[in-house]
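Asks: Encoded as structure tokens, here's the structure I'll be asking about.
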Amino acid sequence: MELNENSDLDSGQVEDLRGSDGGGGGVFPGAAGSGGGGALGGLIGGLLPMLFGRSKGLGCAVVILIVICVGAVLLFGGNLGSIAGLGGGKPADNTSIEKKCARNNPDRFTDTDCVNLAFVNSIQAYWKRGLPENFSRPYESATTRFFSGQVSTACGAADSGVGPFYCPGDRHVYIDLTFWDELAKRFGAPGQFAQAYVLAHEYGHHVQTLLGTEAQMRRAQQRDPGNANKYSVMLELQADCYSGVWSKHATETTDAQGTAIFKSLTQDDINQALRAATAVGDDAIQKKMGGQVNESKFTHGSSEQRRQWFNQGYGTGDPKQCNTFGGALGQG
């Protein structure tokens, strides 16, 4: 993978919250502290009940779907802040990102912030064209928020231990960038394009929100709670497929002036994405936690399913070929 040093990155597509307190003085029950290094331990200690079952005590039927990494968090209503006790927040400060990610900095693509900014720019550049072309819907931009430790969202408050996530309530993607170390070292999925796969997956959830798919899926879960996890798997696999679609078109994406964002993409980059998809399959996660594989608890799909649907998107380059639901959503 080679990013184009001549591309003009739009820093307005991210918000840097790391200089703020993230709006929090607490963390999820049983989770590790606010430091990024405790992300996996905090998730295992405090959030596995949410990953493998239905959340309780939120005052309504809220399904919190959490994947340990790439699938991240989908919060279908409710107030996660009632669990975590977090609130508030400070304005973003993009001063550092604007400076170091400027085109006149020859070393910008050695910096993770700037590489991720380039990915976000490219993903949104594709969907700005791809959504109207394929679904006759306009694309509405979503900001990626970089945070550290904890963050407040319209879906409630989150600790970095939940991994990257998209919040339908405020239509932002959230990520503590220290997560990339967890993905590489703990899950065995290193590489910059593994990061791109994660971000494109989260923006896939944004596309689902814009198309109304997420809302349809939520209504299907409410009508048929016994199959709530199956609907969740369908949603997550579609986001994987959308990630593959963007990957197919990544080298076609440009900045506002028409300059290509990518110079090249290789099969090794795609393999990085596939390794990440494998690492975060429900069966792989259950094995890593020392348990038996239990398909009835799947919320994001098996490793093989995640690879399959990423490949479906990448192979066809057509988001209309990402219908993981079949007719399961009906007209709801």
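Ordering of the structure tokens sets the chain letters (A, B, ...); residue numbers start at 1 within each chain; ligands are numbered from 1 in the order shown.
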Applying 10 Å and only C-alpha atoms, which residues near Tyr139 of chain A remain after dropping the ones on its own chain fewer than 6 positions away? List them as a ChimeraX atom specification.
Replies: /A:124-132,206-207,210-211
Asks: Kindly assemble as a tab-separated table a list of the segment 113-172 of chain A residues that lie within 10 Å of segment 257-281 of chain A, each paired with its nearest atom pair and their distance in Å to one decimal, using only C-alpha atoms, sorted first by chain and then by ascending residue number.
Replies:
residue	atom	partner	partner_atom	distance
A:Ala118	CA	A:Ile261	CA	7.0
A:Phe119	CA	A:Ile261	CA	8.6
A:Asn121	CA	A:Ile261	CA	8.1
A:Ser122	CA	A:Ile261	CA	6.6
A:Ala125	CA	A:Ile261	CA	9.6
Asks: Could you check which of A:Gly326, A:Gly301, A:Gly313, A:Pro190 is closest to Gln286 of chain A, using only C-alpha atoms?
Replies: A:Gly301
Asks: Name all residues at most 6 Å from Thr324 of chain A (count only C-alpha atoms; drop same-chain ones fewer than 2 positions away) and give them as a list in words.
Replies: Met234, Gln238, Cys322 and Gly326 of chain A
Asks: Take the residues from that selection and write them out as a tab-separated table (two decimals), in the first residue's frame, keeping N, CA and C atoms.
Replies:
chain	number	residue	atom	x	y	z
A	234	MET	N	-26.15	-10.79	10.49
A	234	MET	CA	-26.40	-10.31	9.13
A	234	MET	C	-25.95	-8.86	8.96
A	238	GLN	N	-22.76	-7.65	6.56
A	238	GLN	CA	-22.97	-6.66	5.50
A	238	GLN	C	-21.95	-5.52	5.62
A	322	CYS	N	-24.18	-7.05	-1.48
A	322	CYS	CA	-23.92	-7.26	-0.05
A	322	CYS	C	-25.20	-7.53	0.73
A	326	GLY	N	-30.96	-11.38	2.77
A	326	GLY	CA	-31.95	-12.05	1.93
A	326	GLY	C	-33.27	-11.32	2.07
Asks: Fewer than 4 positions away in the same chain doesn't count, so skip those; otherwise give me all residues within 10 Å of Pro106 of chain A, counting only C-alpha atoms, as a ChimeraX atom specification.
Replies: /A:5-6,100-102,110
Asks: From a backbone DSSP assignment, name each residue in segment 91-286 of chain A labelled alpha helix (DSSP H), as a ChimeraX atom specification.
Replies: /A:95-100,112-135,179-181,192-211,213-223,228-249,267-279,282-286
Asks: Tell me which of A:Val151, A:Leu329, A:Val198, A:Thr251 sits closest to Glu214 of chain A, counting only C-alpha atoms.
Replies: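 That would be A:Leu329, the residue with the smallest distance to Glu214 of chain A.
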Asks: Out of A:Phe325, A:Phe298, A:Phe310, A:Trp246, which residue has the shortest atom-to-atom distance to Asn229 of chain A when counting only C-alpha atoms?
Replies: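 Ranking A:Phe325, A:Phe298, A:Phe310, A:Trp246 by distance to Asn229 of chain A, first place goes to A:Phe298.
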Asks: Determine, counting only C-alpha atoms, which protein, DNA and RNA residues have an atom within 12 Å of an atom of Leu17 of chain A; residues of the same chain fewer than 2 positions away are not included. Present the result as an NGL selection string.
Replies: :A and (14-15 or 19-23 or 89-97 or 143-153 or 174-177)
Asks: Can you list, as a PyMOL selection string, every residue of segment 63-238 of chain A that DSSP puts in strand (DSSP E or B)?
Replies: chain A and resi 64-66+73-75+143-146+150-153+156-159+165-167+172-175
Asks: Between A:Ile123, A:Ala215, A:Ala228, A:Ala328, single out the one closest to Ala142 of chain A, counting only C-alpha atoms.
Replies: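 Looking only at the distances to Ala142 of chain A, the closest residue turns out to be A:Ile123.
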